[in-house]
>>> print(open('data-v2.cif').read())   # mmCIF, C-alpha atoms
data_entry
loop_
_atom_site.label_atom_id
_atom_site.label_comp_id
_atom_site.auth_asym_id
_atom_site.auth_seq_id
_atom_site.Cartn_x
_atom_site.Cartn_y
_atom_site.Cartn_z
CA MET P 181 232.63 -96.34 153.29
CA GLU P 182 230.63 -99.10 154.84
CA ARG P 183 229.80 -99.45 158.47
CA PRO P 184 229.52 -102.75 160.29
CA VAL P 185 225.97 -104.02 160.22
CA MET P 186 224.12 -103.33 163.45
CA ASN P 187 220.81 -105.04 163.67
CA PRO P 188 218.39 -104.01 166.43
CA ILE P 189 215.78 -106.57 165.44
CA ARG P 190 217.20 -109.48 163.49
CA GLY P 191 214.83 -111.18 161.14
CA ALA P 192 212.42 -108.30 160.80
CA PHE P 193 213.11 -108.06 157.08
CA ALA P 194 212.32 -111.71 156.46
CA GLY P 195 209.36 -111.61 158.78
CA MET P 196 207.81 -108.85 156.76
CA ILE P 197 207.61 -111.09 153.73
CA LEU P 198 205.32 -113.43 155.58
CA VAL P 199 202.80 -110.73 156.23
CA LEU P 200 202.86 -109.03 152.86
CA ALA P 201 199.42 -110.19 151.91
CA GLY P 202 197.89 -108.44 154.85
CA VAL P 203 200.12 -105.41 154.93
CA SER P 204 199.03 -102.34 153.14
CA GLY P 205 201.99 -100.22 154.05
CA VAL P 206 204.81 -101.74 152.12
CA PHE P 207 203.48 -102.80 148.80
CA ALA P 208 202.49 -100.12 146.38
CA HIS P 209 203.23 -101.09 142.81
CA HIS P 210 202.56 -104.78 142.51
CA SER P 211 200.38 -107.26 144.30
CA ALA P 212 202.30 -109.76 146.42
CA ALA P 213 200.60 -112.41 144.33
CA ALA P 214 202.58 -111.18 141.34
CA MET P 215 205.86 -112.35 142.89
CA ASP P 216 206.99 -115.85 143.73
CA PHE P 217 208.31 -115.73 147.28
CA ASN P 218 208.75 -119.50 147.41
CA ASN P 219 211.32 -119.58 144.64
CA THR P 220 213.70 -116.73 145.26
CA VAL P 221 216.73 -116.33 142.99
CA GLU P 222 220.06 -114.56 143.33
CA MET P 223 221.36 -111.97 140.90
CA GLU P 224 224.36 -109.71 140.69
CA GLY P 225 224.56 -106.28 139.26
CA VAL P 226 225.88 -102.76 139.47
CA VAL P 227 223.79 -100.25 141.36
CA GLN P 228 222.36 -97.56 139.10
CA LYS P 229 219.83 -96.23 141.57
CA LEU P 230 218.83 -97.02 145.14
CA GLU P 231 216.07 -95.10 146.86
CA VAL P 232 215.51 -96.43 150.35
CA VAL P 233 212.23 -94.78 151.24
CA ASN P 234 208.82 -95.59 152.64
CA PRO P 235 206.56 -97.26 151.80
CA HIS P 236 209.06 -99.32 149.77
CA LEU P 237 212.52 -99.07 148.29
CA THR P 238 213.41 -98.89 144.60
CA LEU P 239 216.57 -100.50 143.26
CA VAL P 240 217.84 -100.32 139.71
CA LEU P 241 220.63 -102.75 138.87
CA GLN P 242 222.65 -102.95 135.70
CA VAL P 243 222.70 -106.66 134.99
CA THR P 244 224.93 -108.46 132.50
CA ASP P 245 224.08 -111.98 131.44
CA GLU P 246 223.44 -114.08 128.35
CA ARG P 247 220.64 -111.71 127.40
CA GLY P 248 222.94 -108.75 127.34
CA VAL P 249 223.46 -105.64 129.46
CA ARG P 250 220.39 -103.82 130.77
CA ASP P 251 218.93 -102.01 133.74
CA ILE P 252 216.32 -103.85 135.81
CA GLU P 253 214.13 -102.16 138.40
CA PHE P 254 213.13 -103.90 141.61
CA GLU P 255 210.92 -103.13 144.57
CA GLY P 256 211.67 -103.93 148.19
CA HIS P 257 210.71 -103.32 151.78
CA SER P 258 210.32 -99.96 153.46
CA ARG P 259 213.19 -97.80 154.68
CA ASN P 260 212.27 -98.52 158.30
CA ASN P 261 212.22 -102.23 157.71
CA VAL P 262 215.57 -102.50 155.94
CA TYR P 263 217.11 -100.23 158.57
CA ARG P 264 216.07 -102.72 161.23
CA SER P 265 217.56 -105.47 159.13
CA GLY P 266 220.94 -103.79 159.07
CA TRP P 267 220.93 -101.34 156.18
CA ARG P 268 222.67 -98.01 156.81
CA PRO P 269 222.67 -94.93 154.58
CA ASP P 270 226.27 -95.21 153.36
CA MET P 271 226.26 -98.97 152.88
CA ILE P 272 225.50 -99.01 149.15
CA GLU P 273 226.37 -96.35 146.61
CA PHE P 274 226.02 -95.76 142.89
CA GLY P 275 228.33 -98.06 140.97
CA ASP P 276 228.67 -100.67 143.72
CA ARG P 277 228.42 -104.28 142.66
CA ILE P 278 225.96 -106.13 144.88
CA LYS P 279 224.18 -109.45 145.09
CA VAL P 280 220.43 -109.46 145.57
CA THR P 281 217.97 -112.16 146.43
CA ILE P 282 214.68 -111.54 144.74
CA ALA P 283 211.22 -113.00 144.56
CA PRO P 284 210.83 -113.05 140.76
CA MET P 285 207.76 -111.97 138.83
CA ARG P 286 205.44 -114.90 138.28
CA ASP P 287 204.75 -113.85 134.70
CA GLY P 288 208.45 -114.12 133.82
CA SER P 289 208.97 -110.42 133.29
CA GLU P 290 212.08 -108.80 134.68
CA GLY P 291 212.09 -107.25 138.11
CA GLY P 292 210.69 -108.56 141.34
CA TYR P 293 210.85 -108.01 145.05
CA VAL P 294 214.19 -107.70 146.83
CA THR P 295 214.21 -109.92 149.90
CA ALA P 296 217.93 -109.51 150.68
CA PHE P 297 221.08 -107.88 149.40
CA GLU P 298 224.78 -108.30 150.03
CA THR P 299 227.63 -105.90 149.42
CA GLU P 300 231.02 -106.84 148.02
CA SER P 301 232.52 -106.57 151.49
CA GLY P 302 230.02 -109.11 152.79
CA ASN P 303 227.48 -106.95 154.61
CA ARG P 304 224.14 -108.67 154.20
CA VAL P 305 220.66 -107.28 154.79
CA GLY P 306 217.69 -109.60 154.90
CA ARG P 307 217.78 -113.24 153.95
CA MET Y 978 200.51 -87.81 227.58
CA SER Y 979 200.78 -91.47 226.68
CA SER Y 980 197.10 -91.40 225.76
CA ARG Y 981 197.73 -88.51 223.36
CA ILE Y 982 200.64 -90.36 221.80
CA ALA Y 983 198.51 -93.47 221.41
CA THR Y 984 195.75 -91.42 219.79
CA CYS Y 985 198.26 -89.83 217.43
CA LEU Y 986 199.69 -93.21 216.52
CA ARG Y 987 196.19 -94.55 215.82
CA TYR Y 988 195.48 -91.49 213.64
CA VAL Y 989 198.72 -91.94 211.75
CA SER Y 990 197.99 -95.64 211.28
CA ILE Y 991 194.48 -94.99 209.99
CA MET Y 992 195.73 -92.31 207.59
CA GLY Y 993 198.45 -94.62 206.42
CA LEU Y 994 195.91 -97.37 205.84
CA ILE Y 995 193.66 -95.02 203.89
CA ALA Y 996 196.61 -93.81 201.84
CA GLY Y 997 197.63 -97.40 201.24
CA ILE Y 998 194.17 -98.35 200.07
CA GLY Y 999 194.09 -95.31 197.86
CA PHE Y 1000 197.44 -96.20 196.37
CA ALA Y 1001 196.36 -99.77 195.79
CA GLN Y 1002 193.26 -98.58 194.02
CA THR Y 1003 195.07 -96.19 191.70
CA GLU Y 1004 198.12 -98.29 190.87
CA THR Y 1005 197.70 -99.69 187.40
CA PRO Y 1006 199.97 -101.75 185.15
CA ASP Y 1007 202.41 -99.64 183.17
CA PHE Y 1008 202.22 -100.32 179.44
CA THR Y 1009 204.84 -97.71 178.61
CA GLY Y 1010 207.47 -98.98 176.20
CA ILE Y 1011 208.25 -100.16 172.70
CA TRP Y 1012 206.38 -103.27 171.62
CA THR Y 1013 206.77 -105.64 168.70
CA ASN Y 1014 204.79 -108.59 167.40
CA TYR Y 1015 204.71 -111.43 169.89
CA ALA Y 1016 206.86 -114.27 168.59
CA GLY Y 1017 206.37 -116.85 171.32
CA GLY Y 1018 203.42 -118.66 169.75
CA PRO Y 1019 200.10 -118.05 168.08
CA ARG Y 1020 198.98 -114.48 168.17
CA GLY Y 1021 195.43 -115.73 168.35
CA ARG Y 1022 194.22 -114.29 165.08
CA GLY Y 1023 190.48 -114.08 165.07
CA GLN Y 1024 187.78 -114.73 162.58
CA ALA Y 1025 188.84 -112.45 159.70
CA GLY Y 1026 188.28 -114.06 156.34
CA PRO Y 1027 185.40 -115.56 154.45
CA ASP Y 1028 183.60 -116.51 157.66
CA LEU Y 1029 183.02 -112.95 158.77
CA PRO Y 1030 179.30 -112.41 159.45
CA LEU Y 1031 178.99 -109.52 157.01
CA ARG Y 1032 175.57 -108.34 155.96
CA ASP Y 1033 174.86 -108.58 152.23
CA GLU Y 1034 175.15 -104.85 151.63
CA ALA Y 1035 178.49 -104.71 153.45
CA GLN Y 1036 179.73 -107.76 151.56
CA ALA Y 1037 178.89 -106.01 148.30
CA LYS Y 1038 180.87 -102.92 149.34
CA VAL Y 1039 183.88 -105.02 150.27
CA ALA Y 1040 183.70 -106.99 147.02
CA GLU Y 1041 183.47 -103.81 144.95
CA TYR Y 1042 186.51 -102.38 146.72
CA ARG Y 1043 188.58 -105.52 146.30
CA ALA Y 1044 187.72 -105.83 142.64
CA LEU Y 1045 188.92 -102.28 142.20
CA VAL Y 1046 192.31 -102.60 143.91
CA SER Y 1047 193.26 -106.24 143.47
CA PRO Y 1048 194.43 -106.24 139.83
CA LEU Y 1049 197.35 -103.93 140.61
CA GLY Y 1050 197.67 -104.70 144.28
CA GLU Y 1051 196.83 -101.13 145.21
CA THR Y 1052 196.70 -100.35 148.93
CA PRO Y 1053 196.13 -97.30 151.12
CA GLY Y 1054 199.62 -97.83 152.55
CA GLY Y 1055 201.09 -97.52 149.08
CA TYR Y 1056 199.75 -93.99 149.16
CA CYS Y 1057 201.01 -93.33 152.68
CA LEU Y 1058 197.61 -93.66 154.29
CA GLY Y 1059 197.46 -95.31 157.70
CA THR Y 1060 195.46 -98.44 158.38
CA GLY Y 1061 192.90 -97.07 160.82
CA MET Y 1062 191.13 -99.07 163.49
CA PRO Y 1063 191.00 -101.94 164.09
CA GLY Y 1064 193.79 -102.67 161.58
CA SER Y 1065 196.21 -100.30 163.29
CA MET Y 1066 196.04 -102.17 166.60
CA LEU Y 1067 195.89 -105.63 165.03
CA GLY Y 1068 198.86 -105.35 162.76
CA SER Y 1069 199.96 -102.01 161.47
CA GLY Y 1070 202.20 -103.71 158.99
CA GLY Y 1071 204.17 -105.68 161.53
CA TYR Y 1072 206.02 -102.57 162.65
CA PRO Y 1073 206.58 -101.82 166.35
CA MET Y 1074 204.45 -99.50 168.45
CA GLU Y 1075 205.21 -97.17 171.32
CA VAL Y 1076 202.96 -96.73 174.34
CA ILE Y 1077 203.31 -93.63 176.50
CA GLN Y 1078 201.18 -93.87 179.61
CA ARG Y 1079 199.95 -91.06 181.84
CA PRO Y 1080 197.06 -91.26 184.29
CA ASP Y 1081 194.84 -89.04 182.11
CA GLN Y 1082 195.97 -90.20 178.65
CA ILE Y 1083 197.62 -93.14 176.97
CA THR Y 1084 199.26 -92.35 173.66
CA ILE Y 1085 199.87 -95.19 171.22
CA VAL Y 1086 202.16 -94.56 168.27
CA TYR Y 1087 202.25 -97.17 165.52
CA GLU Y 1088 205.45 -96.81 163.55
CA ALA Y 1089 203.80 -97.60 160.22
CA HIS Y 1090 202.56 -94.34 158.77
CA ASN Y 1091 203.12 -92.63 162.13
CA GLU Y 1092 199.59 -93.52 163.14
CA ILE Y 1093 198.74 -92.15 166.57
CA ARG Y 1094 195.90 -93.04 168.90
CA ARG Y 1095 195.15 -91.13 172.06
CA VAL Y 1096 193.14 -92.83 174.76
CA TYR Y 1097 191.55 -90.31 177.10
CA PHE Y 1098 190.48 -90.78 180.68
CA GLY Y 1099 188.12 -88.95 183.02
CA ASP Y 1100 187.94 -85.20 182.52
CA ARG Y 1101 189.99 -85.41 179.32
CA ILE Y 1102 187.08 -87.04 177.50
CA ILE Y 1103 185.18 -84.55 175.38
CA LEU Y 1104 181.50 -84.64 174.50
CA GLU Y 1105 180.49 -86.93 171.64
CA GLY Y 1106 179.15 -83.98 169.67
CA ASP Y 1107 182.58 -82.37 169.74
CA ARG Y 1108 184.39 -85.36 168.27
CA VAL Y 1109 185.42 -85.58 164.62
CA PRO Y 1110 185.20 -88.96 162.85
CA GLU Y 1111 188.64 -90.35 161.98
CA ARG Y 1112 190.09 -93.58 160.63
CA ASN Y 1113 191.29 -94.43 164.14
CA GLY Y 1114 188.18 -93.00 165.80
CA TYR Y 1115 188.00 -91.47 169.25
CA SER Y 1116 189.14 -93.62 172.17
CA THR Y 1117 188.30 -93.47 175.85
CA GLY Y 1118 189.82 -95.60 178.57
CA ARG Y 1119 189.01 -96.97 181.99
CA TRP Y 1120 190.52 -99.56 184.29
CA GLU Y 1121 188.84 -102.70 185.54
CA GLY Y 1122 191.42 -103.91 188.04
CA ASP Y 1123 194.57 -104.60 186.05
CA THR Y 1124 192.72 -104.62 182.73
CA LEU Y 1125 192.63 -101.53 180.55
CA ILE Y 1126 189.36 -101.13 178.68
CA VAL Y 1127 189.48 -98.92 175.59
CA GLU Y 1128 186.31 -98.02 173.76
CA THR Y 1129 186.55 -96.50 170.30
CA THR Y 1130 183.78 -94.81 168.35
CA GLN Y 1131 183.51 -91.97 165.80
CA LEU Y 1132 185.08 -94.12 163.12
CA LYS Y 1133 184.87 -93.52 159.40
CA GLU Y 1134 183.45 -96.23 157.19
CA GLN Y 1135 186.34 -98.36 155.94
CA VAL Y 1136 186.18 -101.29 153.57
CA ASN Y 1137 189.92 -101.23 152.98
CA GLN Y 1138 191.05 -103.39 155.86
CA ARG Y 1139 190.79 -106.87 157.36
CA TYR Y 1140 187.71 -105.99 159.41
CA ALA Y 1141 185.67 -103.69 157.21
CA HIS Y 1142 183.23 -101.52 159.13
CA SER Y 1143 180.72 -98.72 158.89
CA ASP Y 1144 180.82 -95.37 160.63
CA ARG Y 1145 178.52 -96.81 163.29
CA ALA Y 1146 181.08 -99.38 164.43
CA SER Y 1147 182.27 -99.40 168.02
CA ILE Y 1148 185.36 -101.25 169.18
CA VAL Y 1149 186.24 -102.47 172.66
CA GLU Y 1150 189.81 -103.51 173.46
CA ARG Y 1151 190.79 -105.23 176.70
CA TYR Y 1152 194.52 -104.92 177.44
CA THR Y 1153 196.30 -107.12 179.96
CA LEU Y 1154 199.95 -107.40 180.90
CA THR Y 1155 201.69 -110.68 181.64
CA GLU Y 1156 205.28 -111.87 181.78
CA GLU Y 1157 206.94 -114.74 179.96
CA ASP Y 1158 210.57 -115.69 180.55
CA GLY Y 1159 211.17 -112.33 182.17
CA ARG Y 1160 209.75 -110.41 179.24
CA LYS Y 1161 206.56 -108.36 179.30
CA VAL Y 1162 203.76 -109.51 176.99
CA LEU Y 1163 200.82 -107.27 176.18
CA THR Y 1164 197.57 -108.87 175.04
CA ALA Y 1165 194.63 -107.04 173.50
CA GLU Y 1166 191.28 -108.70 172.98
CA MET Y 1167 189.31 -106.76 170.41
CA THR Y 1168 185.57 -106.93 169.87
CA MET Y 1169 183.88 -104.83 167.21
CA THR Y 1170 180.13 -104.30 167.10
CA ASP Y 1171 178.64 -102.85 163.95
CA PRO Y 1172 174.92 -103.24 163.30
CA ASP Y 1173 175.26 -101.86 159.77
CA PHE Y 1174 178.00 -104.23 158.58
CA TYR Y 1175 177.73 -107.36 160.76
CA THR Y 1176 175.02 -109.65 162.01
CA GLU Y 1177 176.99 -110.23 165.22
CA PRO Y 1178 180.11 -108.86 166.93
CA VAL Y 1179 183.50 -109.85 165.51
CA SER Y 1180 186.60 -110.40 167.61
CA ASP Y 1181 190.32 -110.89 167.39
CA VAL Y 1182 193.35 -111.06 169.66
CA LYS Y 1183 196.69 -109.31 169.27
CA ARG Y 1184 199.82 -109.90 171.34
CA TRP Y 1185 203.03 -107.91 171.60
CA SER Y 1186 206.39 -108.43 173.33
CA ILE Y 1187 208.33 -105.60 174.89
CA ILE Y 1188 211.56 -104.49 173.22
CA PRO Y 1189 213.87 -103.43 176.06
CA ASN Y 1190 215.52 -100.12 175.20
CA GLY Y 1191 213.76 -100.20 171.82
CA PHE Y 1192 212.96 -97.21 169.65
CA LEU Y 1193 210.51 -96.16 167.00
CA MET Y 1194 211.57 -94.64 163.70
CA THR Y 1195 209.77 -91.83 161.96
CA TYR Y 1196 207.83 -93.20 159.02
CA GLU Y 1197 208.48 -90.57 156.37
CA CYS Y 1198 206.43 -91.57 153.39
CA ASN Y 1199 205.14 -88.56 151.48
CA GLU Y 1200 208.47 -87.17 150.34
CA PRO Y 1201 208.74 -89.22 147.12
CA ILE Y 1202 205.24 -88.09 146.17
CA TRP Y 1203 206.28 -84.46 146.65
CA GLN Y 1204 209.52 -85.01 144.72
CA ASN Y 1205 207.54 -86.46 141.84
CA ARG Y 1206 205.25 -83.44 141.92
CA LEU Y 1207 208.28 -81.13 141.79
CA GLU Y 1208 209.52 -83.01 138.73
CA GLU Y 1209 206.14 -82.48 137.10
CA LEU Y 1210 206.29 -78.77 137.89
CA ARG Y 1211 209.83 -78.52 136.50
CA ALA Y 1212 208.78 -80.30 133.31
CA ALA Y 1213 205.79 -77.97 132.95
CA ALA Y 1214 207.98 -74.92 133.54
CA GLU Y 1215 210.48 -76.05 130.90
CA THR Y 1216 207.67 -76.63 128.42
CA SER Y 1217 206.22 -73.20 129.01
CA THR Y 1218 209.56 -71.47 128.39
CA GLN Y 1219 210.15 -73.24 125.08
#
>>> encode(input="data-v2.cif", output="structure tokens")
Amino acid sequence: MERPVMNPIRGAFAGMILVLAGVSGVFAHHSAAAMDFNNTVEMEGVVQKLEVVNPHLTLVLQVTDERGVRDIEFEGHSRNNVYRSGWRPDMIEFGDRIKVTIAPMRDGSEGGYVTAFETESGNRVGR
Amino acid sequence: MSSRIATCLRYVSIMGLIAGIGFAQTETPDFTGIWTNYAGGPRGRGQAGPDLPLRDEAQAKVAEYRALVSPLGETPGGYCLGTGMPGSMLGSGGYPMEVIQRPDQITIVYEAHNEIRRVYFGDRIILEGDRVPERNGYSTGRWEGDTLIVETTQLKEQVNQRYAHSDRASIVERYTLTEEDGRKVLTAEMTMTDPDFYTEPVSDVKRWSIIPNGFLMTYECNEPIWQNRLEELRAAAETSTQ
């Protein structure tokens, strides 16, 4: 189901993080100040929902850990940006297990900003 | 006979010289292509920040706006609204831009929010009274040698960007083309004059690198808003039938 990652402009995804504070187009729900981009963490989960749209994507992962099983919603970059970082429409589907790198919420609440994700077959978008 | 031939040759030479001069005068750099943020060094960011020479009244407008949007990080882009000038040319979210150059018009497409600027030349320029204020204003162009001069007026007042401005702002951009390591680099020096908002002109510099064989994507952004509205309508319809 997955295509090889083709990346017209490598690094665009990561580069966007650096300009979040000054970019109005990609950040709708939370202020960049609400997330800690200097202390990203990795998580694994099962995709419940992935909407790769502009101005930013929405990802819902079913996460299982010591706190139990629950759905967590994340934000991320725009469709155009993740496309340039290698994402393709059939890369991730409902029920897929993926790894995500997120900038967590500073207030400790669940969620955050997806800076990268990796499929089970090893396709990685962002960093 | 030989005299006639000599005269003809002189005529042809003179015409060729005139044509050559004419060509030299009309040949301008070609900015056509897909451009991305310059990554070879400082982009030369200007004076945006606390040091901006804003007048008190303008400062109050900016502060009121920021107090309103900062708690939730609200932005125009989050609602699919483009940046407007000068933000569109200075950053536009770090997305690439496309330049399509014709002698009478240069079209600039910023991928973010599909913002489009049209720079008109000569007879394509309409009277000021016929222009409608827009977030990106109305732009006219002229060449000074190899430098493209773009003047933008008819802007709307905007406090929602790096360089806030009133509707009386005017912006001058000076575009030059250079080459680094075989790759085209486009530099724009921007100066904004706004007697209502600033005590003196403000300036900034933006640089782009060409993306050979690059492409722009459509920035579809409104669809989720429409889908949400459809959900609201469906919910209302279900309620009314119960």
>>> interface_residues(input="data-v2.cif", of="chain Y", to="chain P", cutoff="7 Å", atoms="all atoms listed in the file", output="VMD selection string")
chain Y and resid 1049 to 1055 1057 1070 to 1071 1089 1194 1196 to 1198
>>> resolve_selection(input="data-v2.cif", expression="the PyMOL selection byres ((chain Y and resi 1091-1103) around 9)", output="count of residues only")
35
>>> axis_aligned_box(input="data-v2.cif", around="stretch 266-271 of chain P", padding_each_side="3 Å", output="JSON")
{"center_x": 223.6, "center_y": -99.4, "center_z": 156.0, "size_x": 11.3, "size_y": 14.9, "size_z": 12.2}
>>> atom_distance(input="data-v2.cif", atom1="atom CA of Y:Asp1144", atom2="atom CA of Y:Leu1029")
17.8 Å
>>> residues_around(input="data-v2.cif", residues="P:Asn218", least_positions_apart="2", cutoff="8 Å", atoms="only C-alpha atoms", output="PyMOL selection string")
chain P and resi 216+220+283
>>> resolve_selection(input="data-v2.cif", expression="the PyMOL selection byres ((chain Y and resi 1030-1043) around 9)", output="PyMOL selection string")
chain Y and resi 1027-1029+1044-1048+1136-1137+1141-1143+1172-1179
>>> resolve_selection(input="data-v2.cif", expression="the PyMOL selection byres ((chain P and resi 251) around 7)", output="ChimeraX atom specification")
/P:240-243,250,252-253
>>> atom_distance(input="data-v2.cif", atom1="atom CA of P:Gly275", atom2="atom CA of P:Glu290")
20.5 Å
>>> atom_distance(input="data-v2.cif", atom1="atom CA of P:Arg304", atom2="atom CA of P:Arg286")
25.3 Å
>>> residues_around(input="data-v2.cif", residues="Y:Pro1110", least_positions_apart="5", cutoff="8 Å", atoms="all atoms listed in the file", output="PyMOL selection string")
chain Y and resi 1115+1131-1133
>>> closest_residue(input="data-v2.cif", among="Y:Tyr1056, Y:Tyr1072, Y:Tyr1015, Y:Trp1120", to="Y:Ser1186", atoms="all atoms listed in the file")
Y:Tyr1015
